[in-house]
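Asker: Dropping in protein-v1.csv, which is CSV, C-alpha atoms and all ligand atoms:
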```
chain,number,residue,atom,x,y,z
A,267,MET,CA,24.0,-24.8,18.1
A,268,ALA,CA,23.2,-28.3,16.9
A,269,ALA,CA,19.8,-27.1,15.8
A,270,ALA,CA,21.3,-25.6,12.7
A,271,SER,CA,21.0,-28.9,10.9
A,272,LEU,CA,17.3,-29.2,11.4
A,273,GLY,CA,16.5,-26.4,9.0
A,274,CYS,CA,13.2,-24.5,8.6
A,275,ARG,CA,13.5,-24.1,4.9
A,276,PRO,CA,14.7,-26.1,1.9
A,277,TRP,CA,16.3,-23.3,0.0
A,278,GLY,CA,19.8,-22.2,-0.7
A,279,SER,CA,22.8,-21.3,1.4
A,280,LEU,CA,24.3,-18.0,2.2
A,281,LEU,CA,25.5,-18.0,-1.4
A,282,GLY,CA,21.8,-17.7,-2.2
A,283,LEU,CA,22.2,-14.1,-1.3
A,284,LEU,CA,23.8,-13.6,-4.6
A,285,GLY,CA,20.3,-14.1,-5.9
A,286,LEU,CA,19.4,-10.7,-4.7
A,287,VAL,CA,21.2,-9.3,-7.6
A,288,SER,CA,19.5,-11.3,-10.3
A,289,ALA,CA,16.1,-11.0,-8.7
A,290,ALA,CA,15.4,-7.7,-10.5
A,291,ALA,CA,15.9,-9.4,-13.9
A,292,ALA,CA,13.7,-12.3,-13.0
A,293,ALA,CA,10.9,-10.0,-11.8
A,294,ALA,CA,10.4,-8.7,-15.3
A,295,ALA,CA,9.5,-12.1,-16.6
A,296,TRP,CA,6.8,-12.4,-13.9
A,297,ASP,CA,4.9,-9.2,-14.8
A,298,LEU,CA,2.3,-10.9,-17.0
A,299,THR,CA,1.2,-13.2,-14.2
A,300,SER,CA,0.5,-10.3,-11.9
A,301,LEU,CA,-1.6,-8.3,-14.4
A,302,HIS,CA,-4.8,-9.5,-12.9
A,303,CYS,CA,-3.8,-7.7,-9.7
A,304,HIS,CA,-4.5,-4.3,-11.3
A,305,PHE,CA,-8.2,-4.9,-11.0
A,306,GLY,CA,-8.8,-6.6,-7.6
A,307,ALA,CA,-9.5,-4.1,-4.9
A,308,PHE,CA,-8.1,-6.3,-2.2
A,309,CYS,CA,-5.5,-7.9,-4.3
A,310,GLU,CA,-2.5,-8.8,-2.3
A,311,CYS,CA,-0.7,-10.3,-5.2
A,312,ASP,CA,1.6,-13.1,-4.1
A,313,PHE,CA,1.9,-11.7,-0.6
A,314,GLN,CA,1.7,-14.7,1.8
A,315,PRO,CA,3.4,-14.2,5.1
A,316,ASP,CA,4.6,-17.1,7.0
A,317,PHE,CA,5.7,-15.9,10.4
A,318,GLU,CA,6.2,-19.3,11.9
A,319,GLY,CA,8.8,-20.1,9.2
A,320,LEU,CA,10.4,-16.7,9.6
A,321,GLU,CA,10.8,-16.9,13.3
A,322,CYS,CA,12.1,-20.5,13.1
A,323,ASP,CA,14.6,-19.5,10.5
A,324,LEU,CA,15.7,-16.4,12.4
A,325,ALA,CA,16.1,-18.4,15.6
A,326,GLN,CA,18.3,-21.0,13.9
A,327,HIS,CA,20.3,-19.0,11.4
A,328,LEU,CA,20.7,-15.4,12.4
A,329,ALA,CA,23.6,-15.4,14.8
A,330,GLY,CA,24.0,-12.9,17.6
A,331,GLN,CA,21.2,-10.4,16.8
A,332,HIS,CA,18.7,-10.5,19.6
A,333,LEU,CA,17.5,-6.9,18.9
A,334,ALA,CA,17.1,-7.3,15.1
A,335,LYS,CA,15.2,-10.5,15.5
A,336,ALA,CA,12.7,-9.1,18.0
A,337,LEU,CA,12.3,-5.7,16.4
A,338,VAL,CA,11.7,-7.0,12.8
A,339,VAL,CA,9.3,-9.7,13.7
A,340,LYS,CA,7.3,-7.4,16.0
A,341,ALA,CA,7.1,-4.6,13.5
A,342,LEU,CA,6.2,-6.9,10.7
A,343,LYS,CA,3.5,-8.7,12.6
A,344,ALA,CA,1.8,-5.6,13.7
A,345,PHE,CA,2.0,-4.1,10.2
A,346,VAL,CA,0.7,-7.1,8.3
A,347,GLN,CA,-2.1,-7.8,10.8
A,348,ASP,CA,-3.4,-4.2,10.4
A,349,PRO,CA,-6.0,-4.3,7.6
A,350,ALA,CA,-5.6,-0.5,7.1
A,351,PRO,CA,-2.1,0.7,8.1
A,352,THR,CA,-1.8,4.5,8.4
A,353,LYS,CA,1.6,4.5,6.7
A,354,PRO,CA,3.9,2.1,4.9
A,355,LEU,CA,6.4,0.1,7.1
A,356,VAL,CA,9.8,1.6,6.9
A,357,LEU,CA,12.7,-0.2,8.4
A,358,SER,CA,16.3,1.0,8.4
A,359,LEU,CA,19.0,-1.7,9.1
A,360,HIS,CA,22.3,-0.6,10.5
A,361,GLY,CA,25.5,-2.3,11.4
A,362,TRP,CA,29.0,-3.6,10.7
A,363,THR,CA,29.6,-5.5,7.5
A,364,GLY,CA,28.6,-9.2,7.5
A,365,THR,CA,26.3,-9.0,10.6
A,366,GLY,CA,23.2,-10.2,8.8
A,367,LYS,CA,21.4,-7.2,7.3
A,368,SER,CA,21.1,-8.6,3.8
A,369,TYR,CA,20.5,-12.0,5.1
A,370,ILE,CA,17.5,-10.9,7.2
A,371,SER,CA,16.2,-9.0,4.1
A,372,SER,CA,16.4,-12.1,2.0
A,373,LEU,CA,14.5,-14.1,4.7
A,374,LEU,CA,11.8,-11.4,4.8
A,375,ALA,CA,11.3,-11.6,1.0
A,376,HIS,CA,11.3,-15.4,1.3
A,377,TYR,CA,8.7,-15.6,4.1
A,378,LEU,CA,6.5,-12.8,2.9
A,379,PHE,CA,6.1,-13.5,-0.8
A,380,ARG,CA,5.4,-16.7,-2.5
A,381,GLY,CA,8.1,-16.0,-5.1
A,382,GLY,CA,10.6,-14.9,-2.5
A,383,LEU,CA,13.3,-12.7,-3.9
A,384,HIS,CA,12.1,-13.6,-7.4
A,385,SER,CA,8.6,-12.4,-6.7
A,386,PRO,CA,7.6,-9.6,-9.1
A,387,HIS,CA,6.7,-7.6,-6.0
A,388,VAL,CA,10.1,-7.6,-4.4
A,389,HIS,CA,12.3,-4.8,-5.7
A,390,HIS,CA,15.9,-4.7,-4.9
A,391,PHE,CA,17.9,-1.6,-5.6
A,392,SER,CA,21.7,-1.5,-5.4
A,393,PRO,CA,23.6,1.8,-6.1
A,394,VAL,CA,26.3,0.1,-8.3
A,395,ILE,CA,23.7,-1.6,-10.4
A,396,HIS,CA,20.8,0.8,-10.6
A,397,PHE,CA,22.3,4.2,-9.9
A,398,PRO,CA,26.0,4.0,-10.8
A,399,HIS,CA,26.7,7.6,-12.1
A,400,ALA,CA,26.2,10.6,-9.9
A,401,SER,CA,25.9,12.8,-13.0
A,402,HIS,CA,22.7,11.0,-14.0
A,403,LEU,CA,20.9,12.0,-10.8
A,404,GLU,CA,18.0,13.7,-12.4
A,405,ARG,CA,17.3,10.7,-14.6
A,406,TYR,CA,17.6,8.3,-11.7
A,407,LYS,CA,15.2,10.4,-9.7
A,408,LYS,CA,12.5,10.3,-12.4
A,409,GLU,CA,13.1,6.5,-12.9
A,410,LEU,CA,13.0,5.6,-9.3
A,411,LYS,CA,9.8,7.6,-8.7
A,412,SER,CA,8.0,6.1,-11.6
A,413,TRP,CA,9.2,2.6,-10.7
A,414,VAL,CA,7.9,2.9,-7.1
A,415,GLN,CA,4.7,4.4,-8.3
A,416,GLY,CA,4.2,1.9,-11.1
A,417,ASN,CA,5.0,-1.1,-8.9
A,418,LEU,CA,2.7,0.2,-6.1
A,419,THR,CA,-0.1,0.6,-8.6
A,420,ALA,CA,0.4,-3.0,-9.7
A,421,CYS,CA,0.6,-4.2,-6.1
A,422,SER,CA,0.1,-2.4,-2.9
A,423,ARG,CA,1.9,-5.2,-1.0
A,424,SER,CA,5.3,-4.5,-2.5
A,425,LEU,CA,8.7,-4.8,-0.8
A,426,PHE,CA,11.4,-2.2,-1.8
A,427,LEU,CA,14.9,-3.0,-0.7
A,428,PHE,CA,17.6,-0.4,-0.9
A,429,ASP,CA,21.1,-1.7,-0.4
A,430,GLU,CA,24.2,0.2,0.5
A,431,MET,CA,22.4,3.4,1.4
A,432,ASP,CA,25.8,4.9,2.3
A,433,LYS,CA,26.9,4.8,-1.4
A,434,LEU,CA,23.8,6.4,-3.0
A,435,ALA,CA,24.1,9.6,-4.9
A,436,PRO,CA,22.9,12.4,-2.6
A,437,GLY,CA,19.5,13.7,-3.4
A,438,LEU,CA,18.0,10.5,-4.9
A,439,MET,CA,16.1,9.5,-1.8
A,440,GLU,CA,14.2,12.8,-1.8
A,441,VAL,CA,11.8,11.3,-4.3
A,442,LEU,CA,10.9,8.5,-1.9
A,443,ARG,CA,9.8,10.9,0.9
A,444,PRO,CA,6.2,11.2,-0.2
A,445,PHE,CA,5.8,7.5,-0.4
A,446,LEU,CA,7.0,6.9,3.1
A,447,GLY,CA,4.5,9.1,5.0
A,448,SER,CA,0.8,8.7,5.6
A,449,SER,CA,-0.7,11.0,3.0
A,450,TRP,CA,0.1,9.4,-0.3
A,451,VAL,CA,-3.0,7.9,-1.8
A,452,VAL,CA,-3.4,8.0,-5.6
A,453,PHE,CA,-6.2,6.5,-7.7
A,454,GLY,CA,-7.5,4.5,-4.8
A,455,THR,CA,-4.2,2.6,-4.6
A,456,ASN,CA,-3.3,1.9,-1.0
A,457,TYR,CA,0.3,3.0,-0.9
A,458,ARG,CA,0.3,2.5,2.8
A,459,LYS,CA,0.7,-1.3,2.6
A,460,ALA,CA,4.2,-1.2,1.1
A,461,ILE,CA,7.3,-2.2,3.0
A,462,PHE,CA,10.5,-0.3,2.6
A,463,ILE,CA,13.8,-1.6,3.9
A,464,PHE,CA,17.0,0.5,3.8
A,465,ILE,CA,20.4,-1.1,4.5
A,466,SER,CA,23.7,0.6,5.4
A,467,ASN,CA,26.8,0.2,7.5
A,468,THR,CA,26.3,3.7,8.9
A,469,GLY,CA,26.2,3.6,12.6
A,470,GLY,CA,28.1,0.4,12.7
A,471,GLU,CA,31.1,1.8,14.4
A,472,GLN,CA,28.9,3.4,17.0
A,473,ILE,CA,27.1,0.2,17.6
A,474,ASN,CA,30.4,-1.7,17.9
A,475,GLN,CA,31.5,0.8,20.6
A,476,VAL,CA,28.4,0.3,22.7
A,477,VAL,CA,28.8,-3.5,22.5
A,478,LEU,CA,32.5,-3.2,23.3
A,479,GLU,CA,31.8,-1.1,26.4
A,480,ALA,CA,29.1,-3.6,27.5
A,481,TRP,CA,31.6,-6.4,27.1
A,482,ARG,CA,34.3,-4.5,29.1
A,483,SER,CA,31.9,-3.9,31.9
A,484,ARG,CA,30.9,-7.6,31.8
A,485,ARG,CA,27.3,-6.9,30.8
A,486,ASP,CA,25.4,-9.6,29.0
A,487,ARG,CA,25.2,-8.8,25.3
A,488,GLU,CA,21.5,-9.7,25.3
A,489,GLU,CA,20.9,-7.0,27.9
A,490,ILE,CA,21.7,-4.3,25.4
A,491,ARG,CA,18.5,-2.4,24.6
A,492,LEU,CA,17.4,-0.5,21.5
A,493,GLN,CA,17.3,2.7,23.5
A,494,GLU,CA,21.0,2.6,24.0
A,495,LEU,CA,21.7,2.5,20.3
A,496,GLU,CA,18.9,4.5,18.7
A,497,LEU,CA,20.3,7.9,19.3
A,498,VAL,CA,23.9,7.1,18.2
A,499,ILE,CA,22.6,5.5,15.0
A,500,SER,CA,20.3,8.4,14.1
A,501,GLN,CA,23.1,10.8,14.8
A,502,ALA,CA,25.5,8.8,12.6
A,503,VAL,CA,23.0,8.9,9.8
A,504,LEU,CA,22.3,12.6,10.2
A,505,ASP,CA,26.1,13.3,10.2
A,506,ASN,CA,26.9,11.2,7.2
A,507,PRO,CA,26.7,13.2,3.9
A,508,HIS,CA,27.2,9.9,2.0
A,509,HIS,CA,24.0,8.3,3.4
A,510,GLY,CA,21.0,8.4,1.1
A,511,PHE,CA,18.9,10.1,3.9
A,512,TRP,CA,21.3,13.1,4.0
A,513,ARG,CA,19.0,16.2,3.8
A,514,SER,CA,16.2,14.1,2.3
A,515,GLY,CA,13.9,15.0,5.1
A,516,ILE,CA,13.2,11.3,5.8
A,517,MET,CA,14.9,11.3,9.2
A,518,GLU,CA,13.7,14.8,10.1
A,519,GLU,CA,10.1,13.9,9.4
A,520,HIS,CA,10.3,10.7,11.4
A,521,LEU,CA,9.3,8.6,8.5
A,522,LEU,CA,11.4,5.6,9.7
A,523,ASP,CA,9.4,3.3,11.8
A,524,VAL,CA,12.2,1.2,13.3
A,525,LEU,CA,15.9,1.6,13.4
A,526,VAL,CA,17.3,-1.9,13.5
A,527,PRO,CA,20.8,-2.3,15.0
A,528,PHE,CA,23.0,-5.3,14.0
A,529,LEU,CA,25.7,-6.0,16.6
A,530,PRO,CA,29.2,-7.0,15.8
A,531,LEU,CA,29.8,-10.8,15.7
A,532,GLN,CA,32.1,-12.6,18.1
A,533,ARG,CA,34.0,-15.8,17.6
A,534,HIS,CA,31.2,-18.1,18.7
A,535,HIS,CA,28.8,-16.3,16.3
A,536,VAL,CA,31.2,-16.9,13.4
A,537,ARG,CA,31.3,-20.6,14.5
A,538,HIS,CA,27.5,-20.6,14.4
A,539,CYS,CA,27.6,-19.3,10.8
A,540,VAL,CA,30.1,-21.9,9.8
A,541,LEU,CA,27.8,-24.7,11.2
A,542,ASN,CA,24.8,-23.2,9.4
A,543,GLU,CA,26.7,-23.1,6.2
A,544,LEU,CA,27.9,-26.6,6.5
A,545,ALA,CA,24.4,-27.8,7.3
A,546,GLN,CA,23.0,-25.9,4.2
A,547,LEU,CA,25.6,-27.7,2.1
A,548,GLY,CA,24.4,-31.0,3.6
A,549,LEU,CA,27.7,-31.6,5.3
A,550,GLU,CA,28.5,-32.8,8.8
A,551,PRO,CA,30.2,-30.3,11.0
A,552,ARG,CA,34.0,-31.0,10.7
A,553,GLU,CA,36.0,-29.4,13.5
A,554,GLU,CA,39.1,-28.9,11.3
A,555,VAL,CA,37.1,-26.9,8.8
A,556,ILE,CA,35.4,-24.8,11.5
A,557,GLN,CA,38.8,-24.2,13.0
A,558,ALA,CA,40.4,-23.3,9.7
A,559,VAL,CA,37.7,-20.7,9.0
A,560,LEU,CA,38.0,-19.2,12.4
A,561,ASP,CA,41.7,-19.1,12.2
A,562,SER,CA,41.5,-17.2,8.9
A,563,THR,CA,39.1,-14.6,10.4
A,564,THR,CA,40.6,-11.4,11.7
A,565,PHE,CA,39.2,-9.9,14.9
A,566,PHE,CA,39.2,-6.4,16.4
A,567,PRO,CA,40.0,-4.3,18.4
A,568,GLU,CA,43.6,-5.2,18.3
A,569,LYS,CA,43.9,-5.6,22.1
A,570,GLU,CA,40.7,-7.6,22.8
A,571,GLN,CA,40.4,-9.5,19.5
A,572,LEU,CA,36.7,-9.6,20.1
A,573,PHE,CA,34.7,-8.9,16.9
A,574,SER,CA,35.1,-10.4,13.4
A,575,SER,CA,36.2,-7.7,11.0
A,576,ASN,CA,33.7,-8.8,8.3
A,577,GLY,CA,31.2,-10.6,10.5
A,578,CYS,CA,30.1,-13.8,8.7
A,579,LYS,CA,30.3,-12.3,5.3
A,580,THR,CA,33.1,-14.4,3.9
A,581,VAL,CA,32.2,-17.6,5.7
A,582,ALA,CA,30.6,-19.3,2.7
A,583,SER,CA,33.5,-18.6,0.3
A,584,ARG,CA,36.1,-19.6,2.9
A,585,ILE,CA,34.4,-22.9,3.7
A,586,ALA,CA,34.5,-23.7,0.0
A,587,PHE,CA,38.2,-23.0,0.2
A,588,PHE,CA,38.9,-25.3,3.2
A,589,LEU,CA,36.7,-28.2,2.3
A,601,LIG,C1,8.9,-1.9,-11.0
A,601,LIG,O1,10.3,-1.8,-10.6
A,601,LIG,C2,11.3,-2.4,-11.5
A,601,LIG,C3,12.6,-2.2,-10.8
A,601,LIG,O2,12.6,-3.0,-9.7
A,601,LIG,C4,11.2,-1.7,-12.8
A,601,LIG,O3,12.1,-2.2,-13.7
A,601,LIG,C5,9.8,-1.8,-13.4
A,601,LIG,O4,9.7,-1.1,-14.6
A,601,LIG,C6,8.8,-1.3,-12.4
A,601,LIG,N1,7.4,-1.5,-12.9
A,601,LIG,C7,6.6,-0.5,-13.1
A,601,LIG,C8,5.2,-0.9,-13.6
A,601,LIG,O5,6.9,0.6,-13.0
```
Taking this structure as input, can you express it in the form of structure tokens?
Ligand SMILES: *[C@@H]1O[C@H](CO)[C@@H](O)[C@H](O)[C@H]1NC(C)=O
Answerer:
Amino acid sequence: MAAASLGCRPWGSLLGLLGLVSAAAAAAAWDLTSLHCHFGAFCECDFQPDFEGLECDLAQHLAGQHLAKALVVKALKAFVQDPAPTKPLVLSLHGWTGTGKSYISSLLAHYLFRGGLHSPHVHHFSPVIHFPHASHLERYKKELKSWVQGNLTACSRSLFLFDEMDKLAPGLMEVLRPFLGSSWVVFGTNYRKAIFIFISNTGGEQINQVVLEAWRSRRDREEIRLQELELVISQAVLDNPHHGFWRSGIMEEHLLDVLVPFLPLQRHHVRHCVLNELAQLGLEPREEVIQAVLDSTTFFPEKEQLFSSNGCKTVASRIAFFL
């Protein structure tokens, strides 16, 4: 994967993901500049999709996710090119830890909005930061509803990102349901142009099982189709009382447009991540560093030692350690 050093984008490393957390704070400072958007009927704010950049970046940097790449790009293109979508685009990303769910989300923000994660129209919600106390559920519900509504009034092309959906207080997501369907139009605002992304590990074990079975029967990983995974993922979500969609009606009413599976990462994928990360840091690939990172990675299941226990999640921090 020598291509990793070519790079499609000049910005940060995997560590840049940490920016997700501070993006909300930075967004506030931008609000003034977006004021003019309130009045333009066709105002798309700083929405400026660059699919060429997105596809190039995904091809080079997202290791081992043939399904996620294809599904996300296809869904986004169709949605963005439609001048009058009938409903917002709702993506739900599922998979084991460290497989690229947050990474792909940060790429989407980067290639869809001029300000990237710092755009005032990219909204990132994380349970521990925004909704930490289950006892404040009623307050959170009111807040979330008014945020989404307020932000969509300011800009119909908004991106809402919900992290760690499996750690959300149950009941909160109910308030989103009306925004995800096709009937929610208020004061002429086109709520149907919004993009919602939900991230969770739910379904990860089931996805891993399918990939493991494919490997055992010597099937090519790239042959795995969405159809083989869709049902097990939906079932895992429906069965998980800790998932934000639990009894929210969102699954039942088919408000999700695409379930995006992330497959568990194998050794060569982790190597790919290490090479990416070294390239981002402007460093030459050094075999001893790559080897040290791989040696410190644990793999499962115990017998086959096939999949990285935390995907590529800790690659960046471990490289720093071994340099
Ligand atoms: C938009 O959402 C953010 C949270 O991401 C919130 O702080 C802000 O108040 C919202 N803006 C409006 C106009 O509701």
Asker: Can you write out as a tab-separated table which residues of stretch 502-545 of chain A fall within 9 Å of stretch 440-450 of chain A, alongside each residue's closest atom pair and its distance in Å to one decimal, counting all atoms listed in the file and ordering rows by chain and ascending residue number?
Answerer:
```
residue	atom	partner	partner_atom	distance
A:Gly510	CA	A:Glu440	CA	8.6
A:Phe511	CA	A:Glu440	CA	7.9
A:Arg513	CA	A:Glu440	CA	8.1
A:Ser514	CA	A:Glu440	CA	4.7
A:Gly515	CA	A:Arg443	CA	7.2
A:Ile516	CA	A:Arg443	CA	6.0
A:Glu519	CA	A:Gly447	CA	8.6
A:His520	CA	A:Gly447	CA	8.8
A:Leu521	CA	A:Gly447	CA	6.0
A:Leu522	CA	A:Leu446	CA	8.0
```
Asker: One number please: atom CA of A:Glu409 to atom CA of A:Phe391, in Å, one decimal.
Answerer: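 Going from atom CA of A:Glu409 over to atom CA of A:Phe391 covers 11.9 Å.
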Asker: Using all atoms listed in the file, tabulate the residues of chain A lying at most 7 Å from any atom of ligand LIG 601 (chain A), each with its closest atom pair and that distance in Å to one decimal, by chain and increasing residue number, as a Markdown table.
Answerer:
```
| residue | atom | partner | partner_atom | distance |
| --- | --- | --- | --- | --- |
| A:Ala290 | CA | A:LIG601 | O2 | 5.5 |
| A:Ala294 | CA | A:LIG601 | O3 | 6.9 |
| A:His389 | CA | A:LIG601 | O2 | 4.4 |
| A:His390 | CA | A:LIG601 | O2 | 6.1 |
| A:Phe391 | CA | A:LIG601 | O2 | 6.8 |
| A:Ser412 | CA | A:LIG601 | O5 | 5.8 |
| A:Trp413 | CA | A:LIG601 | O5 | 3.8 |
| A:Val414 | CA | A:LIG601 | C1 | 6.3 |
| A:Gln415 | CA | A:LIG601 | O5 | 6.4 |
| A:Gly416 | CA | A:LIG601 | O5 | 3.5 |
| A:Asn417 | CA | A:LIG601 | C1 | 4.5 |
| A:Ala420 | CA | A:LIG601 | C8 | 6.5 |
```
Asker: Pick out the closest residue to A:Ile499 from this set: A:Ser385, A:Ser562, A:Ser358, A:Gln331. Count only C-alpha atoms.
Answerer: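 Ranked by minimum distance to A:Ile499, first place goes to A:Ser358.
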Asker: Atom CA of A:Phe462 and atom CA of A:Ala435, how far apart in Å?
Answerer: 18.4 Å
Asker: If I take atom CA of A:Gln501 and atom CA of A:Gly469, how far is one from the other in Å, to one decimal?
Answerer: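 A separation of 8.1 Å between them.
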Asker: Got a sec: who's within 7 Å of A:Arg537, counting all atoms listed in the file, leaving out chain neighbours fewer than 4 positions off, as a list in words?
Answerer: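 My reading of the contact set: Arg533, Leu541 and Ile556 of chain A.
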Asker: When you count all atoms listed in the file, which of these residues is closest to A:Leu529: A:Met431, A:Leu355, A:Leu328, A:Ile461?
Answerer: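 Looking at the shortest contact to A:Leu529, the residue is A:Leu328.
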Asker: Using only C-alpha atoms, determine which residues lie at most 10 Å from A:Leu373, disregarding the query and same-chain residues fewer than 5 positions distant; provide the list as a VMD selection string.
Answerer: chain A and resid 283 319 to 321 323 to 324 328 368 378 382 to 383
Asker: Would you save the residues from that selection as an mmCIF file, in the frame of the given file, using C-alpha atoms?
Answerer:
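Output file again-v2.cif follows:
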```cif
data_model
loop_
_atom_site.group_PDB
_atom_site.id
_atom_site.type_symbol
_atom_site.label_atom_id
_atom_site.label_comp_id
_atom_site.auth_asym_id
_atom_site.auth_seq_id
_atom_site.Cartn_x
_atom_site.Cartn_y
_atom_site.Cartn_z
ATOM 1 C CA LEU A 283 22.200 -14.100 -1.300
ATOM 2 C CA GLY A 319 8.800 -20.100 9.200
ATOM 3 C CA LEU A 320 10.400 -16.700 9.600
ATOM 4 C CA GLU A 321 10.800 -16.900 13.300
ATOM 5 C CA ASP A 323 14.600 -19.500 10.500
ATOM 6 C CA LEU A 324 15.700 -16.400 12.400
ATOM 7 C CA LEU A 328 20.700 -15.400 12.400
ATOM 8 C CA SER A 368 21.100 -8.600 3.800
ATOM 9 C CA LEU A 378 6.500 -12.800 2.900
ATOM 10 C CA GLY A 382 10.600 -14.900 -2.500
ATOM 11 C CA LEU A 383 13.300 -12.700 -3.900
#
```
Asker: Write out as a ChimeraX atom specification the residues lying within 12 Å of stretch 340-351 of chain A, counting only C-alpha atoms and excluding same-chain residues fewer than 2 positions away.
Answerer: /A:308,310,313-318,320-321,333-338,353-358,374-375,377-378,422-423,425,447-449,456-463,522-526
Asker: A:Ala329, A:Ile395, A:Leu492, A:Leu560: which is nearest A:Ile370, counting only C-alpha atoms?
Answerer: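 Counting only C-alpha atoms, the residue closest to A:Ile370 is A:Ala329.
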Asker: Rank A:Ser483, A:Gln493, A:Asn474, A:Ser424 by their smallest atom-to-atom distance to A:Ser574, using only C-alpha atoms, and report the top residue only.
Answerer: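 Looking only at the distances to A:Ser574, the closest residue turns out to be A:Asn474.
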Asker: Enclose the full set of atoms of stretch 531-549 of chain A listed in the file within a box whose edges lie along x, y and z, apply 4 Å of padding to each of the six sides, and report centre and edge lengths in Å to one decimal as lines of an AutoDock Vina configuration file.
Answerer:
```
center_x = 28.5
center_y = -21.2
center_z = 10.4
size_x = 19.0
size_y = 28.8
size_z = 24.6
```
Asker: Would you kindly return, as a PyMOL selection string, each protein, DNA or RNA residue with an atom no farther than 12 Å from any atom of A:Gln475, considering only C-alpha atoms and excluding same-chain residues fewer than 4 positions away?
Answerer: chain A and resi 361-362+469-471+479-482+494-495+498-499+529-530+566-567+572-573
Asker: Give the answer as one residue: which of A:Pro393, A:Pro398, A:Pro551, A:Gly330 has the shortest atom-to-atom distance to A:Arg487, using all atoms listed in the file?
Answerer: A:Gly330
